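**Student:** Just dropping this structure here.
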Amino acid sequence: MTKNNFPHLIDLDNYPVSSWDSITNLAIDIKRNPHIYVGACNGKIMGTLFYEPSTRTQMSFQSAMLRLGGGIIGFDNPANSSVAKGESIKDTTKIASSYSDIIVMRHPLEGSVKAAALTSDCPVVNAGDGGHLHPTQTLTDLLTLKAEKGTLSGLTVGFCGDLKNGRTVHSLLKALCCYDNNKFVLISTEELKVPTYIKNRISASGKEYTEVNTLEEAIPSLDVLYMTRIQRERFGSEEEYNSQKHVFCLDKKKMKAAGKDMIVMHPLPRVDEIAVEVDDDPRALYFKQANYGMYVRMSLILSVLNEDIKTKPLLTGTKMPKVCCHNQKCITNFEPSLPHSFRNYGGVLECEYCDERLLLE
Ligand code: ASP
C-alpha cells in the first residue's frame with residue numbers, strides 16, 4: 001500500500017457499495033465462526049485517537065482488535081496527550097500513524113478526520129467527526145438491517161430526533177439511498193431537520209422522503225424506526241437545547257401502533273427518547289445492534305489491513321486558498337495549513353471536508 005491509496009474510511013462513499021456488502025458479509029461469518037479469525041491481526045497495532053467521549057465505538061473497536069489478536073495504543077482524553085500543549089491534528093496524526101498500522105479517530109470538528117488522513121502514514125477510519133458523519137455506525141446499521149430484516153432495499157425507514165446534528169442519521173441516509181426502493185420519513189422539530197445537503201442527496205438518488213413532526217403520524221407505515229437523542233453538545237446554548245429536549249419519546253403505547261415486524265434501532269446512548277419499558281419488546285433491537293457493531297469493526301479492520309478495498313483520492317475538487325468554508329465547525333477554519341478544496345456545482349461550492357455549501361460571490 002502506498003500513502004496515496006490507503007483505504008481510508010472517512011465517508012462510506014469512499015468505498016464502493018460492493019465493499020459495504022463484503023464487509024457486512026464477512027462480519028456475519030466472523031460472528032458465526034469466531035475461532036477462524038483468532039490471531040488474524042497478530043503483530044498489528046491500532047492507534048485510537050478519541051478527542052470526544054465514546055463508549056460503544058471505542059470499546060467495540062478495541063474489543064474487535066483484541067479478538068483479532070492485535071494490539072492497541074492511543075488516548076481517549078486529549079487532555080492527557082500533546083493536544084493539551086496545542087499540537088495540531090496534522091502533527092499528532094503524523095506521529096501516531098508512524099506507530100500504528102491503522103488509526104481510528106473521533107473529533108468534534110467536521111472534516112477533521114479527513115484532514116488527519118491527508119497527513120497519515122497508515123489508513124485512517126472516521127469514528128465520528130462532529131455532527132457530520134459516522135461511517136462505522138452506518139456499517140453497523142447496515143449489518144443490523146441485513147441480519148434482522150434480510151434486505152437493504154424496499155424499506156420504509158423513519159428517522160426521529162435530532163436529524164440536524166445526528167451524524168449517524170446523515171451517514172445512514174446517504175447509504176440507504178444507494179439501495180433500491182427505500183423511502184424515508186424524517187421525524188423532527190422544525191429546528192432539527194435534516195441538513196439541506198443530505199436532502200439534496202436523497203432527491204438526487206431518486207428516493208422519496210416526507211418530513212413530519214410527530215412519531216404518531218409516522219409509526220404505522222414504518223419497517224424500521226431509527227431513534228436518536230437530541231445532541232446536547234452540538235447546541236450553541238443550554239437555552240436552545242432546553243427548547244428541543246424531551247420532545248420525542250417512544251413508549252409502549254406508541255409501539256402498539258407499529259407493525260409487528262417493525263424494528264426499533266438507536267445508535268445509543270439513549271437519554272429519554274425511548275422509555276425503558278420498550279426494551280423488552282422483541283422489536284427493540286438497539287442492544288443487539290451495538291453487538292453487531294463489534295463484528296462489523298472486526299471485519300472492517302481485517303479488510304483494511306488486508307488491502308481488500310479500493311478507494312478514491314481524498315480531495316478531488318479545486319484548491320481555492322482564498323475561499324473559506326462558512327461552517328464555523330469545519331476543521332479548515334482551525335488548521336491553517338490545510339488546503340481549502342471545493343467541489344464546484346456551477347457556482348455553488350461544496351467544502352470537501354464538511355460538505356457545507358456556499359455561493360460564490
Ligand atoms: N454514538 C453515536 C455517535 O457517536 C450517537 C450519539 O452520540 O448520539 O454519534
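Here's how to read the names in the C-alpha cells: chain A, B, ... by the order shown, residue numbers from 1 in each chain, ligand numbers from 1 in the order shown.
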How would you write, as a CSV table (one decimal) with N, CA, C and O atoms, in the first residue's frame, the set of residues in range 11-72 of chain A that DSSP gives as helix (DSSP H, G or I)?

**Tutor:**
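selection-v7.csv, freshly written:
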chain,number,residue,atom,x,y,z
A,12,LEU,N,-18.6,6.8,4.0
A,12,LEU,CA,-18.8,5.5,3.3
A,12,LEU,C,-18.7,5.5,1.8
A,12,LEU,O,-18.3,4.6,1.2
A,13,ASP,N,-19.0,6.7,1.3
A,13,ASP,CA,-18.8,7.0,-0.2
A,13,ASP,C,-17.4,6.6,-0.7
A,13,ASP,O,-17.2,6.5,-1.9
A,14,ASN,N,-16.4,6.6,0.2
A,14,ASN,CA,-15.0,6.4,-0.2
A,14,ASN,C,-14.9,4.9,-0.7
A,14,ASN,O,-14.0,4.6,-1.5
A,17,VAL,N,-20.1,0.4,-3.1
A,17,VAL,CA,-21.1,-0.3,-2.4
A,17,VAL,C,-20.8,-1.8,-2.3
A,17,VAL,O,-21.1,-2.5,-1.3
A,18,SER,N,-20.1,-2.4,-3.3
A,18,SER,CA,-19.8,-3.8,-3.2
A,18,SER,C,-18.9,-4.1,-2.0
A,18,SER,O,-19.0,-5.1,-1.4
A,19,SER,N,-18.1,-3.1,-1.6
A,19,SER,CA,-17.3,-3.3,-0.3
A,19,SER,C,-18.1,-3.3,0.9
A,19,SER,O,-17.8,-4.0,1.9
A,20,TRP,N,-19.2,-2.4,0.9
A,20,TRP,CA,-20.0,-2.4,2.1
A,20,TRP,C,-20.6,-3.8,2.3
A,20,TRP,O,-20.7,-4.3,3.4
A,21,ASP,N,-21.0,-4.4,1.1
A,21,ASP,CA,-21.6,-5.7,1.2
A,21,ASP,C,-20.6,-6.7,1.6
A,21,ASP,O,-20.9,-7.6,2.4
A,22,SER,N,-19.4,-6.6,1.1
A,22,SER,CA,-18.4,-7.7,1.5
A,22,SER,C,-18.1,-7.5,3.0
A,22,SER,O,-17.8,-8.5,3.7
A,23,ILE,N,-18.0,-6.3,3.5
A,23,ILE,CA,-17.7,-6.1,4.9
A,23,ILE,C,-18.8,-6.6,5.8
A,23,ILE,O,-18.5,-7.3,6.8
A,24,THR,N,-20.0,-6.4,5.4
A,24,THR,CA,-21.1,-6.9,6.3
A,24,THR,C,-21.2,-8.4,6.2
A,24,THR,O,-21.5,-9.1,7.2
A,25,ASN,N,-21.0,-8.9,5.0
A,25,ASN,CA,-21.0,-10.4,4.8
A,25,ASN,C,-19.9,-11.1,5.6
A,25,ASN,O,-20.1,-12.1,6.3
A,26,LEU,N,-18.7,-10.5,5.6
A,26,LEU,CA,-17.6,-11.0,6.4
A,26,LEU,C,-17.9,-11.0,7.9
A,26,LEU,O,-17.6,-11.9,8.7
A,27,ALA,N,-18.6,-9.9,8.3
A,27,ALA,CA,-19.0,-9.7,9.7
A,27,ALA,C,-19.9,-10.9,10.1
A,27,ALA,O,-19.8,-11.4,11.2
A,28,ILE,N,-20.8,-11.2,9.2
A,28,ILE,CA,-21.7,-12.3,9.6
A,28,ILE,C,-20.9,-13.6,9.7
A,28,ILE,O,-21.2,-14.4,10.7
A,29,ASP,N,-19.9,-13.8,8.9
A,29,ASP,CA,-19.1,-15.0,9.0
A,29,ASP,C,-18.3,-15.0,10.3
A,29,ASP,O,-18.2,-16.0,11.0
A,30,ILE,N,-17.8,-13.8,10.7
A,30,ILE,CA,-17.0,-13.8,11.9
A,30,ILE,C,-17.9,-14.1,13.1
A,30,ILE,O,-17.5,-14.8,14.0
A,31,LYS,N,-19.1,-13.5,13.1
A,31,LYS,CA,-20.0,-13.8,14.2
A,31,LYS,C,-20.3,-15.3,14.3
A,31,LYS,O,-20.4,-15.8,15.4
A,32,ARG,N,-20.5,-15.9,13.2
A,32,ARG,CA,-20.8,-17.4,13.2
A,32,ARG,C,-19.6,-18.3,13.5
A,32,ARG,O,-19.7,-19.3,14.2
A,34,PRO,N,-16.2,-17.4,15.0
A,34,PRO,CA,-15.2,-16.5,15.5
A,34,PRO,C,-13.8,-17.2,15.6
A,34,PRO,O,-12.8,-16.5,15.5
A,35,HIS,N,-13.8,-18.5,15.9
A,35,HIS,CA,-12.5,-19.2,16.1
A,35,HIS,C,-11.6,-19.1,14.9
A,35,HIS,O,-10.3,-19.1,15.0
A,36,ILE,N,-12.2,-18.9,13.7
A,36,ILE,CA,-11.3,-18.9,12.4
A,36,ILE,C,-10.5,-17.6,12.4
A,36,ILE,O,-9.4,-17.5,11.8
A,37,TYR,N,-11.0,-16.6,13.1
A,37,TYR,CA,-10.3,-15.2,13.0
A,37,TYR,C,-9.4,-14.9,14.1
A,37,TYR,O,-8.8,-13.8,14.1
A,56,ARG,N,-19.5,2.9,23.0
A,56,ARG,CA,-19.6,1.8,22.1
A,56,ARG,C,-18.5,1.8,21.0
A,56,ARG,O,-17.9,0.8,20.7
A,57,THR,N,-18.4,2.9,20.3
A,57,THR,CA,-17.5,3.0,19.2
A,57,THR,C,-16.0,2.6,19.6
A,57,THR,O,-15.4,1.7,19.1
A,58,GLN,N,-15.6,3.2,20.7
A,58,GLN,CA,-14.2,3.0,21.1
A,58,GLN,C,-14.1,1.6,21.7
A,58,GLN,O,-13.2,0.8,21.3
A,59,MET,N,-15.0,1.1,22.5
A,59,MET,CA,-14.8,-0.2,23.1
A,59,MET,C,-15.0,-1.3,22.1
A,59,MET,O,-14.4,-2.3,22.1
A,60,SER,N,-15.9,-1.1,21.1
A,60,SER,CA,-16.1,-2.2,20.1
A,60,SER,C,-14.9,-2.2,19.2
A,60,SER,O,-14.5,-3.3,18.8
A,61,PHE,N,-14.3,-1.1,18.9
A,61,PHE,CA,-13.1,-1.1,18.1
A,61,PHE,C,-12.0,-1.9,18.9
A,61,PHE,O,-11.2,-2.7,18.3
A,62,GLN,N,-11.9,-1.5,20.2
A,62,GLN,CA,-10.8,-2.2,21.0
A,62,GLN,C,-11.0,-3.7,21.1
A,62,GLN,O,-10.1,-4.5,20.9
A,63,SER,N,-12.3,-4.0,21.4
A,63,SER,CA,-12.6,-5.4,21.5
A,63,SER,C,-12.3,-6.2,20.2
A,63,SER,O,-11.8,-7.3,20.2
A,64,ALA,N,-12.7,-5.5,19.1
A,64,ALA,CA,-12.5,-6.1,17.8
A,64,ALA,C,-11.0,-6.4,17.5
A,64,ALA,O,-10.7,-7.5,17.1
A,65,MET,N,-10.2,-5.4,17.8
A,65,MET,CA,-8.7,-5.6,17.5
A,65,MET,C,-8.2,-6.7,18.5
A,65,MET,O,-7.4,-7.5,18.0
A,66,LEU,N,-8.6,-6.7,19.7
A,66,LEU,CA,-8.1,-7.7,20.7
A,66,LEU,C,-8.5,-9.1,20.3
A,66,LEU,O,-7.7,-10.0,20.3
A,67,ARG,N,-9.8,-9.2,19.8
A,67,ARG,CA,-10.3,-10.5,19.4
A,67,ARG,C,-9.5,-11.0,18.2
A,67,ARG,O,-9.4,-12.2,18.0

**Student:** Which residues are near ligand 1 - at most 10 Å, using only C-alpha atoms and all ligand atoms? Format: as a VMD selection string.

**Tutor:** chain A and resid 52 to 58 106 127 to 137 161 to 162 165 to 169 227 to 233 266 to 271 290

**Student:** Filtering to N, CA and C atoms, could you give me those residues as a compact mmCIF listing (two decimals), in the first residue's frame?

**Tutor:**
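Saved file result36.txt follows:
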# COMPACT_ATOMS: atom_id res chain seq x y z
N GLU A 52 -13.16 13.05 21.65
CA GLU A 52 -14.53 13.24 22.14
C GLU A 52 -14.95 11.97 22.86
N PRO A 53 -15.90 12.07 23.83
CA PRO A 53 -16.31 10.86 24.54
C PRO A 53 -16.91 9.80 23.63
N SER A 54 -16.74 8.55 24.04
CA SER A 54 -17.30 7.42 23.29
C SER A 54 -17.36 6.21 24.21
N THR A 55 -18.40 5.43 24.09
CA THR A 55 -18.46 4.14 24.80
C THR A 55 -18.41 3.03 23.78
N ARG A 56 -19.48 2.89 23.00
CA ARG A 56 -19.60 1.77 22.07
C ARG A 56 -18.54 1.78 20.97
N THR A 57 -18.36 2.94 20.33
CA THR A 57 -17.45 2.95 19.18
C THR A 57 -16.04 2.59 19.63
N GLN A 58 -15.60 3.24 20.71
CA GLN A 58 -14.23 2.99 21.15
C GLN A 58 -14.07 1.55 21.67
N ARG A 106 -11.86 9.97 16.43
CA ARG A 106 -13.10 10.74 16.64
C ARG A 106 -12.71 12.14 17.08
N ALA A 127 -14.30 7.73 13.17
CA ALA A 127 -15.19 7.21 14.22
C ALA A 127 -16.14 8.31 14.69
N GLY A 128 -16.37 9.30 13.80
CA GLY A 128 -17.29 10.40 14.12
C GLY A 128 -16.57 11.73 14.07
N ASP A 129 -16.98 12.61 13.12
CA ASP A 129 -16.38 13.96 13.05
C ASP A 129 -17.48 14.99 13.29
N GLY A 130 -17.57 15.47 14.51
CA GLY A 130 -18.59 16.46 14.89
C GLY A 130 -19.98 15.95 14.54
N GLY A 131 -20.82 16.86 14.03
CA GLY A 131 -22.18 16.46 13.66
C GLY A 131 -22.26 15.98 12.23
N HIS A 132 -21.14 15.63 11.63
CA HIS A 132 -21.06 15.37 10.20
C HIS A 132 -21.36 13.91 9.86
N LEU A 133 -20.39 13.01 10.05
CA LEU A 133 -20.56 11.62 9.58
C LEU A 133 -20.07 10.60 10.61
N HIS A 134 -20.55 9.39 10.46
CA HIS A 134 -20.13 8.30 11.37
C HIS A 134 -20.23 6.99 10.59
N PRO A 135 -19.31 6.77 9.62
CA PRO A 135 -19.47 5.63 8.72
C PRO A 135 -19.43 4.26 9.37
N THR A 136 -18.70 4.10 10.49
CA THR A 136 -18.67 2.73 11.06
C THR A 136 -19.96 2.43 11.81
N GLN A 137 -20.67 3.48 12.27
CA GLN A 137 -22.01 3.23 12.81
C GLN A 137 -22.92 2.80 11.66
N GLY A 161 -35.75 12.42 15.84
CA GLY A 161 -34.94 13.09 16.88
C GLY A 161 -34.15 14.25 16.31
N ASP A 162 -32.86 14.28 16.64
CA ASP A 162 -32.00 15.39 16.22
C ASP A 162 -31.40 15.07 14.86
N ASN A 165 -28.15 17.45 13.80
CA ASN A 165 -26.81 17.21 14.33
C ASN A 165 -26.42 15.73 14.40
N GLY A 166 -27.36 14.85 14.12
CA GLY A 166 -27.08 13.42 14.29
C GLY A 166 -26.27 12.87 13.14
N ARG A 167 -24.97 12.67 13.37
CA ARG A 167 -24.10 12.22 12.27
C ARG A 167 -24.45 10.82 11.81
N THR A 168 -24.99 9.99 12.72
CA THR A 168 -25.33 8.63 12.31
C THR A 168 -26.49 8.65 11.32
N VAL A 169 -27.39 9.61 11.50
CA VAL A 169 -28.54 9.77 10.60
C VAL A 169 -28.04 10.17 9.21
N MET A 227 -34.32 5.73 16.08
CA MET A 227 -34.44 6.82 17.07
C MET A 227 -33.06 7.41 17.36
N THR A 228 -33.02 8.69 17.68
CA THR A 228 -31.74 9.31 18.07
C THR A 228 -31.97 10.29 19.21
N ARG A 229 -30.92 10.56 19.98
CA ARG A 229 -31.03 11.52 21.08
C ARG A 229 -30.84 12.94 20.56
N ILE A 230 -31.29 13.92 21.33
CA ILE A 230 -31.01 15.32 20.99
C ILE A 230 -29.55 15.57 21.42
N GLN A 231 -28.74 16.06 20.48
CA GLN A 231 -27.28 16.12 20.65
C GLN A 231 -26.87 17.37 21.44
N ARG A 232 -27.05 17.29 22.73
CA ARG A 232 -26.82 18.44 23.61
C ARG A 232 -25.50 19.18 23.33
N GLU A 233 -24.41 18.42 23.12
CA GLU A 233 -23.08 19.03 22.96
C GLU A 233 -22.92 19.81 21.66
N HIS A 266 -31.32 2.28 17.37
CA HIS A 266 -30.83 3.52 18.01
C HIS A 266 -29.32 3.36 18.10
N PRO A 267 -28.54 4.38 17.70
CA PRO A 267 -27.09 4.22 17.77
C PRO A 267 -26.59 4.23 19.22
N LEU A 268 -27.43 4.70 20.14
CA LEU A 268 -27.10 4.85 21.55
C LEU A 268 -25.95 5.87 21.73
N PRO A 269 -25.81 6.59 22.80
CA PRO A 269 -26.55 6.42 24.04
C PRO A 269 -27.98 6.98 23.96
N ARG A 270 -28.85 6.34 24.75
CA ARG A 270 -30.22 6.83 24.89
C ARG A 270 -30.25 7.84 26.04
N VAL A 271 -31.05 8.86 25.88
CA VAL A 271 -31.27 9.77 27.02
C VAL A 271 -32.68 9.49 27.54
N ALA A 290 -25.75 -2.80 18.86
CA ALA A 290 -24.42 -2.44 19.38
C ALA A 290 -23.48 -3.64 19.31

**Student:** Residues of range 81-294 of chain A classed as strand (DSSP E) by DSSP on the backbone are to be reported as a VMD selection string.

**Tutor:** chain A and resid 102 to 107 124 to 129 156 to 160 183 to 187 208 to 212 224 to 227 263 to 265

**Student:** Using only C-alpha atoms, which of the listed residues (A:Ala284, A:Met262, A:Tyr197, A:Leu300) sits closest to Val104 in chain A?

**Tutor:**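 Under the stated criterion, the closest residue is A:Leu300.
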
**Student:** From the options A:His170, A:Lys312, A:Lys319, A:Lys146, which residue's atoms come nearest to Ile198 in chain A, counting only C-alpha atoms?

**Tutor:** A:His170

**Student:** May I ask which of the residues A:Tyr295, A:Ile95, A:Tyr286, A:Asn344 is the closest one to Asn33 in chain A, counting only C-alpha atoms?

**Tutor:** A:Tyr295

**Student:** Between A:Val278, A:Val113, A:Cys122, A:Val194, which residue has the minimum interatomic distance to Met265 in chain A, considering only C-alpha atoms?

**Tutor:**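 The closest residue to Met265 in chain A is A:Val278.
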
**Student:** Residues of range 147-204 of chain A that approach range 241-247 of chain A to 12 Å or less, counting only C-alpha atoms: could you list each one with the shortest pair of atoms and its distance in Å to one decimal, rows by chain and increasing residue number, as JSON lines?

**Tutor:**
{"residue": "A:Cys160", "atom": "CA", "partner": "A:Val247", "partner_atom": "CA", "distance": 10.4}
{"residue": "A:Gly161", "atom": "CA", "partner": "A:Val247", "partner_atom": "CA", "distance": 8.2}
{"residue": "A:Asp162", "atom": "CA", "partner": "A:Gln244", "partner_atom": "CA", "distance": 8.8}
{"residue": "A:Leu163", "atom": "CA", "partner": "A:Gln244", "partner_atom": "CA", "distance": 11.9}
{"residue": "A:Lys164", "atom": "CA", "partner": "A:Gln244", "partner_atom": "CA", "distance": 11.8}
{"residue": "A:Asn165", "atom": "CA", "partner": "A:Tyr241", "partner_atom": "CA", "distance": 11.8}
{"residue": "A:Ile187", "atom": "CA", "partner": "A:Val247", "partner_atom": "CA", "distance": 10.9}
{"residue": "A:Ser188", "atom": "CA", "partner": "A:Val247", "partner_atom": "CA", "distance": 8.8}
{"residue": "A:Thr189", "atom": "CA", "partner": "A:Gln244", "partner_atom": "CA", "distance": 7.8}
{"residue": "A:Glu190", "atom": "CA", "partner": "A:Gln244", "partner_atom": "CA", "distance": 10.0}
{"residue": "A:Glu191", "atom": "CA", "partner": "A:Gln244", "partner_atom": "CA", "distance": 8.2}
{"residue": "A:Leu192", "atom": "CA", "partner": "A:Gln244", "partner_atom": "CA", "distance": 8.3}
{"residue": "A:Lys193", "atom": "CA", "partner": "A:Gln244", "partner_atom": "CA", "distance": 11.8}

**Student:** Filtering to N, CA and C atoms, could you give me those residues as a short mmCIF file (atom, residue, chain, number, x, y, z; two decimals), in the first residue's frame?

**Tutor:**
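Written out: out-v1.cif:
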data_model
loop_
_atom_site.label_atom_id
_atom_site.label_comp_id
_atom_site.auth_asym_id
_atom_site.auth_seq_id
_atom_site.Cartn_x
_atom_site.Cartn_y
_atom_site.Cartn_z
N CYS A 160 -35.95 9.60 13.68
CA CYS A 160 -36.60 10.51 14.62
C CYS A 160 -35.61 11.13 15.60
N GLY A 161 -35.75 12.42 15.84
CA GLY A 161 -34.94 13.09 16.88
C GLY A 161 -34.15 14.25 16.31
N ASP A 162 -32.86 14.28 16.64
CA ASP A 162 -32.00 15.39 16.22
C ASP A 162 -31.40 15.07 14.86
N LEU A 163 -32.18 15.34 13.82
CA LEU A 163 -31.75 14.96 12.47
C LEU A 163 -30.78 16.00 11.90
N LYS A 164 -30.68 17.13 12.57
CA LYS A 164 -29.74 18.16 12.12
C LYS A 164 -28.31 17.79 12.54
N ASN A 165 -28.15 17.45 13.80
CA ASN A 165 -26.81 17.21 14.33
C ASN A 165 -26.42 15.73 14.40
N ILE A 187 -38.63 12.54 11.00
CA ILE A 187 -39.50 12.98 12.11
C ILE A 187 -38.68 13.87 13.04
N SER A 188 -38.97 15.17 13.02
CA SER A 188 -38.19 16.08 13.87
C SER A 188 -38.97 17.36 14.09
N THR A 189 -38.44 18.22 14.95
CA THR A 189 -38.99 19.57 15.07
C THR A 189 -38.49 20.39 13.87
N GLU A 190 -39.06 21.57 13.68
CA GLU A 190 -38.61 22.46 12.59
C GLU A 190 -37.13 22.76 12.72
N GLU A 191 -36.68 22.97 13.98
CA GLU A 191 -35.29 23.40 14.24
C GLU A 191 -34.28 22.30 13.97
N LEU A 192 -34.70 21.04 14.06
CA LEU A 192 -33.72 19.95 14.00
C LEU A 192 -33.90 19.05 12.76
N LYS A 193 -34.30 19.70 11.66
CA LYS A 193 -34.49 18.95 10.42
C LYS A 193 -33.16 18.50 9.80
#

**Student:** By how many Å are CA of Glu240 in chain A and CA of Ile202 in chain A apart?

**Tutor:**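 Straight-line distance from CA of Glu240 in chain A to CA of Ile202 in chain A works out to 28.0 Å.
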